[in-house]
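Participant: entry06.cif is reproduced in full below (mmCIF, N, CA and C atoms).
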```cif
data_structure
#
loop_
_atom_site.label_atom_id
_atom_site.label_comp_id
_atom_site.auth_asym_id
_atom_site.auth_seq_id
_atom_site.Cartn_x
_atom_site.Cartn_y
_atom_site.Cartn_z
N MET A 116 -1.14 50.91 18.80
CA MET A 116 -0.90 50.67 17.39
C MET A 116 -1.50 51.81 16.59
N MET A 117 -0.74 52.30 15.63
CA MET A 117 -1.21 53.37 14.77
C MET A 117 -1.35 52.84 13.35
N VAL A 118 -2.35 53.30 12.65
CA VAL A 118 -2.61 52.83 11.29
C VAL A 118 -2.61 54.03 10.35
N ALA A 119 -2.02 53.85 9.18
CA ALA A 119 -2.04 54.87 8.14
C ALA A 119 -2.44 54.19 6.83
N GLN A 120 -2.89 54.99 5.89
CA GLN A 120 -3.33 54.45 4.60
C GLN A 120 -2.46 55.00 3.49
N VAL A 121 -2.09 54.13 2.56
CA VAL A 121 -1.28 54.53 1.41
C VAL A 121 -2.18 55.20 0.39
N THR A 122 -1.73 56.33 -0.16
CA THR A 122 -2.51 57.04 -1.17
C THR A 122 -2.33 56.41 -2.54
N THR A 123 -3.09 56.89 -3.52
CA THR A 123 -2.98 56.36 -4.89
C THR A 123 -1.59 56.64 -5.48
N LYS A 124 -0.88 57.62 -4.92
CA LYS A 124 0.47 57.94 -5.39
C LYS A 124 1.53 57.15 -4.62
N GLY A 125 1.12 56.25 -3.74
CA GLY A 125 2.06 55.46 -2.96
C GLY A 125 2.61 56.20 -1.76
N GLN A 126 2.00 57.31 -1.39
CA GLN A 126 2.48 58.08 -0.25
C GLN A 126 1.86 57.58 1.04
N LEU A 127 2.59 57.78 2.12
CA LEU A 127 2.16 57.34 3.43
C LEU A 127 2.40 58.47 4.41
N VAL A 128 1.41 58.78 5.22
CA VAL A 128 1.56 59.84 6.22
C VAL A 128 1.99 59.20 7.54
N ILE A 129 3.10 59.68 8.08
CA ILE A 129 3.57 59.20 9.39
C ILE A 129 2.80 59.99 10.44
N PRO A 130 2.17 59.29 11.37
CA PRO A 130 1.38 59.98 12.38
C PRO A 130 2.19 61.05 13.12
N SER A 131 1.54 62.17 13.45
CA SER A 131 2.23 63.31 14.06
C SER A 131 2.92 62.95 15.37
N LEU A 132 2.34 62.07 16.16
CA LEU A 132 2.96 61.66 17.42
C LEU A 132 4.34 61.05 17.16
N LEU A 133 4.44 60.20 16.15
CA LEU A 133 5.73 59.58 15.81
C LEU A 133 6.68 60.59 15.19
N ARG A 134 6.16 61.52 14.38
CA ARG A 134 7.03 62.55 13.78
C ARG A 134 7.68 63.39 14.87
N ARG A 135 6.90 63.77 15.88
CA ARG A 135 7.46 64.57 16.98
C ARG A 135 8.44 63.75 17.81
N LYS A 136 8.07 62.52 18.13
CA LYS A 136 8.90 61.66 18.97
C LYS A 136 10.27 61.42 18.35
N TYR A 137 10.31 61.23 17.03
CA TYR A 137 11.56 60.88 16.35
C TYR A 137 12.15 62.04 15.55
N SER A 138 11.66 63.25 15.79
CA SER A 138 12.17 64.46 15.12
C SER A 138 12.18 64.32 13.61
N ILE A 139 11.08 63.83 13.06
CA ILE A 139 10.94 63.69 11.61
C ILE A 139 10.26 64.94 11.09
N GLY A 140 10.97 65.68 10.26
CA GLY A 140 10.42 66.90 9.69
C GLY A 140 10.50 66.86 8.18
N GLU A 141 10.07 67.94 7.56
CA GLU A 141 10.14 68.03 6.10
C GLU A 141 11.58 67.84 5.64
N GLY A 142 11.76 66.95 4.69
CA GLY A 142 13.09 66.69 4.15
C GLY A 142 13.86 65.59 4.85
N THR A 143 13.34 65.08 5.98
CA THR A 143 14.02 63.98 6.68
C THR A 143 13.99 62.75 5.79
N LYS A 144 15.13 62.13 5.60
CA LYS A 144 15.19 60.90 4.82
C LYS A 144 14.79 59.72 5.70
N ILE A 145 14.16 58.74 5.08
CA ILE A 145 13.68 57.56 5.78
C ILE A 145 14.26 56.33 5.10
N VAL A 146 14.78 55.40 5.90
CA VAL A 146 15.30 54.14 5.38
C VAL A 146 14.22 53.07 5.55
N PHE A 147 13.93 52.34 4.48
CA PHE A 147 12.99 51.24 4.53
C PHE A 147 13.79 49.94 4.51
N ASP A 148 13.48 49.03 5.42
CA ASP A 148 14.18 47.75 5.48
C ASP A 148 13.16 46.62 5.40
N ASP A 149 13.41 45.69 4.48
CA ASP A 149 12.55 44.53 4.29
C ASP A 149 13.29 43.32 4.84
N HIS A 150 12.81 42.78 5.96
CA HIS A 150 13.52 41.68 6.61
C HIS A 150 12.52 40.67 7.15
N ASP A 151 12.64 39.45 6.71
CA ASP A 151 11.77 38.36 7.18
C ASP A 151 10.28 38.69 7.06
N GLY A 152 9.89 39.29 5.94
CA GLY A 152 8.48 39.58 5.71
C GLY A 152 7.93 40.78 6.45
N LYS A 153 8.82 41.56 7.08
CA LYS A 153 8.38 42.77 7.78
C LYS A 153 9.10 43.97 7.20
N ILE A 154 8.38 45.07 7.10
CA ILE A 154 8.98 46.33 6.63
C ILE A 154 9.15 47.23 7.85
N THR A 155 10.36 47.72 8.04
CA THR A 155 10.60 48.68 9.12
C THR A 155 11.05 49.99 8.49
N ILE A 156 10.76 51.09 9.16
CA ILE A 156 11.23 52.38 8.69
C ILE A 156 12.10 53.01 9.77
N GLN A 157 13.13 53.72 9.34
CA GLN A 157 14.07 54.35 10.27
C GLN A 157 14.39 55.74 9.75
N PRO A 158 14.09 56.79 10.51
CA PRO A 158 14.46 58.12 10.06
C PRO A 158 15.98 58.28 10.10
N VAL A 159 16.52 58.92 9.10
CA VAL A 159 17.97 59.17 9.06
C VAL A 159 18.21 60.52 9.72
N THR A 160 18.41 60.45 11.03
CA THR A 160 18.66 61.65 11.83
C THR A 160 20.10 61.59 12.32
N GLY A 161 20.56 62.64 12.94
CA GLY A 161 21.91 62.67 13.49
C GLY A 161 22.12 61.54 14.48
N GLU A 162 21.13 61.28 15.29
CA GLU A 162 21.21 60.20 16.29
C GLU A 162 21.39 58.85 15.60
N PHE A 163 20.64 58.62 14.52
CA PHE A 163 20.75 57.36 13.78
C PHE A 163 22.13 57.22 13.15
N VAL A 164 22.62 58.28 12.53
CA VAL A 164 23.94 58.25 11.89
C VAL A 164 25.02 57.98 12.94
N ASN A 165 24.93 58.65 14.09
CA ASN A 165 25.91 58.42 15.16
C ASN A 165 25.88 56.98 15.66
N SER A 166 24.72 56.35 15.65
CA SER A 166 24.62 54.96 16.12
C SER A 166 25.35 54.00 15.18
N LEU A 167 25.60 54.42 13.95
CA LEU A 167 26.29 53.57 12.98
C LEU A 167 27.80 53.69 13.08
N CYS A 168 28.29 54.72 13.73
CA CYS A 168 29.73 54.95 13.81
C CYS A 168 30.43 53.78 14.48
N GLY A 169 31.47 53.31 13.83
CA GLY A 169 32.28 52.24 14.38
C GLY A 169 31.76 50.84 14.13
N MET A 170 30.64 50.70 13.46
CA MET A 170 30.08 49.36 13.29
C MET A 170 30.90 48.49 12.35
N LEU A 171 31.77 49.08 11.54
CA LEU A 171 32.57 48.29 10.61
C LEU A 171 33.98 48.00 11.13
N LYS A 172 34.28 48.42 12.35
CA LYS A 172 35.60 48.14 12.92
C LYS A 172 35.70 46.67 13.27
N SER A 173 36.85 46.12 13.00
CA SER A 173 37.06 44.72 13.37
C SER A 173 37.55 44.66 14.82
N LYS A 174 37.54 43.49 15.38
CA LYS A 174 37.93 43.32 16.77
C LYS A 174 39.42 43.57 17.00
N ASP A 175 40.24 43.37 15.96
CA ASP A 175 41.68 43.55 16.14
C ASP A 175 42.13 44.98 15.86
N GLY A 176 41.18 45.89 15.63
CA GLY A 176 41.52 47.29 15.45
C GLY A 176 41.77 47.70 14.00
N VAL A 177 41.77 46.74 13.08
CA VAL A 177 41.97 47.05 11.66
C VAL A 177 40.61 47.35 11.05
N SER A 178 40.51 48.44 10.30
CA SER A 178 39.23 48.82 9.73
C SER A 178 38.85 47.88 8.59
N ALA A 179 37.56 47.78 8.34
CA ALA A 179 37.06 46.95 7.25
C ALA A 179 37.61 47.45 5.91
N THR A 180 37.77 48.76 5.78
CA THR A 180 38.31 49.33 4.55
C THR A 180 39.73 48.85 4.32
N GLU A 181 40.54 48.86 5.36
CA GLU A 181 41.92 48.39 5.24
C GLU A 181 41.97 46.91 4.89
N GLU A 182 41.10 46.11 5.48
CA GLU A 182 41.05 44.68 5.17
C GLU A 182 40.68 44.47 3.71
N LEU A 183 39.70 45.23 3.21
CA LEU A 183 39.30 45.11 1.81
C LEU A 183 40.43 45.53 0.87
N ARG A 184 41.14 46.59 1.21
CA ARG A 184 42.27 47.04 0.40
C ARG A 184 43.35 45.96 0.33
N LYS A 185 43.63 45.35 1.46
CA LYS A 185 44.65 44.30 1.52
C LYS A 185 44.23 43.11 0.65
N GLU A 186 42.96 42.69 0.78
CA GLU A 186 42.46 41.57 -0.02
C GLU A 186 42.53 41.89 -1.51
N ARG A 187 42.14 43.10 -1.87
CA ARG A 187 42.15 43.50 -3.29
C ARG A 187 43.59 43.50 -3.82
N LYS A 188 44.52 44.00 -3.03
CA LYS A 188 45.93 44.05 -3.43
C LYS A 188 46.45 42.63 -3.66
N GLU A 189 46.10 41.69 -2.77
CA GLU A 189 46.51 40.29 -2.90
C GLU A 189 45.91 39.66 -4.16
N GLU A 190 44.64 39.98 -4.44
CA GLU A 190 43.99 39.45 -5.64
C GLU A 190 44.67 39.95 -6.90
N LEU A 191 45.01 41.23 -6.92
CA LEU A 191 45.68 41.80 -8.08
C LEU A 191 47.06 41.17 -8.28
N ALA A 192 47.76 40.89 -7.19
CA ALA A 192 49.08 40.27 -7.27
C ALA A 192 48.98 38.84 -7.84
N LYS A 193 47.92 38.11 -7.50
CA LYS A 193 47.71 36.76 -8.00
C LYS A 193 47.42 36.77 -9.50
N ASP A 194 46.70 37.79 -9.98
CA ASP A 194 46.31 37.88 -11.38
C ASP A 194 47.48 38.21 -12.31
N LYS A 195 48.58 38.71 -11.78
CA LYS A 195 49.72 39.11 -12.63
C LYS A 195 50.55 37.95 -13.02
#
```
Do you think you could lay out the structure here as structure tokens?
Facilitator:
Amino acid sequence: MMVAQVTTKGQLVIPSLLRRKYSIGEGTKIVFDDHDGKITIQPVTGEFVNSLCGMLKSKDGVSATEELRKERKEELAKDK
């Protein structure tokens, strides 16, 4: 377990071992997630971005974007 302290400016230093392990360098963006009373951090690296690819595809092969477009088109048709 590693411990860090928040500064008066709200800054937090990520331990060097973790920075090296996860390729976190100057300018790396970090995602903070608050879930069930726990805060997790995730560096936004190429590996992380690649892991998200395809997560919005539906099982029938239709993209989530296409489904949303279809729903929106139907809603607009009902409003006329």
Participant: Can you list every residue in chain A that DSSP puts in helix (DSSP H, G or I), as a list of chain:residue names?
Facilitator: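 Matching residues for helix (DSSP H, G or I) in chain A are A:Ser131, A:Leu132, A:Leu133, A:Arg134, A:Arg135, A:Lys136, A:Gly161, A:Glu162, A:Phe163, A:Val164, A:Asn165, A:Ser166, A:Leu167, A:Ala179, A:Thr180, A:Glu181, A:Glu182, A:Leu183, A:Arg184, A:Lys185, A:Glu186, A:Arg187, A:Lys188, A:Glu189, A:Glu190, A:Leu191, A:Ala192, A:Lys193, A:Asp194.
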Participant: Got a sec: who's within 12 Å of A:Leu127, counting only C-alpha atoms, leaving out chain neighbours fewer than 4 positions off, as a list in words?
Facilitator: Val118, Ala119, Gln120, Val121, Thr122, Thr123, Ile145 and Ile156 of chain A
Participant: Atom N of A:Gly125 to atom CA of A:Glu141: how many Å, to one decimal?
Facilitator: 17.8 Å
Participant: Give me, please, the distance in Å between atom CA of A:Lys136 and atom CA of A:His150, quoted to one decimal.
Facilitator: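 A separation of 23.9 Å between them.
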Participant: Based on the backbone DSSP call, show me all residues of chain A assigned strand (DSSP E or B), as number ranges by chain.
Facilitator: A: 145-150, 153-158, 172, 178
Participant: Which of these residues is nearest to A:Val159, using all atoms listed in the file: A:Gly176, A:Ile139, A:Val128, A:Asp194?
Facilitator: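 Between A:Gly176, A:Ile139, A:Val128, A:Asp194, the residue approaching A:Val159 most closely is A:Ile139.
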Participant: Quick one: everything within 7 Å of A:Phe147, counting all atoms listed in the file, minus sequence neighbours fewer than 3 positions away in the same chain. Send it as a VMD selection string.
Facilitator: chain A and resid 154 to 157
Participant: Between atom CA of A:Thr160 and atom CA of A:Arg134, what is the distance in Å, rounded to a tenth?
Facilitator: 11.8 Å
Participant: Using only C-alpha atoms for the distances, tell me which of A:Met116, A:Val177, A:Ala192, A:Pro158 is nearest to A:Tyr137.
Facilitator: A:Pro158
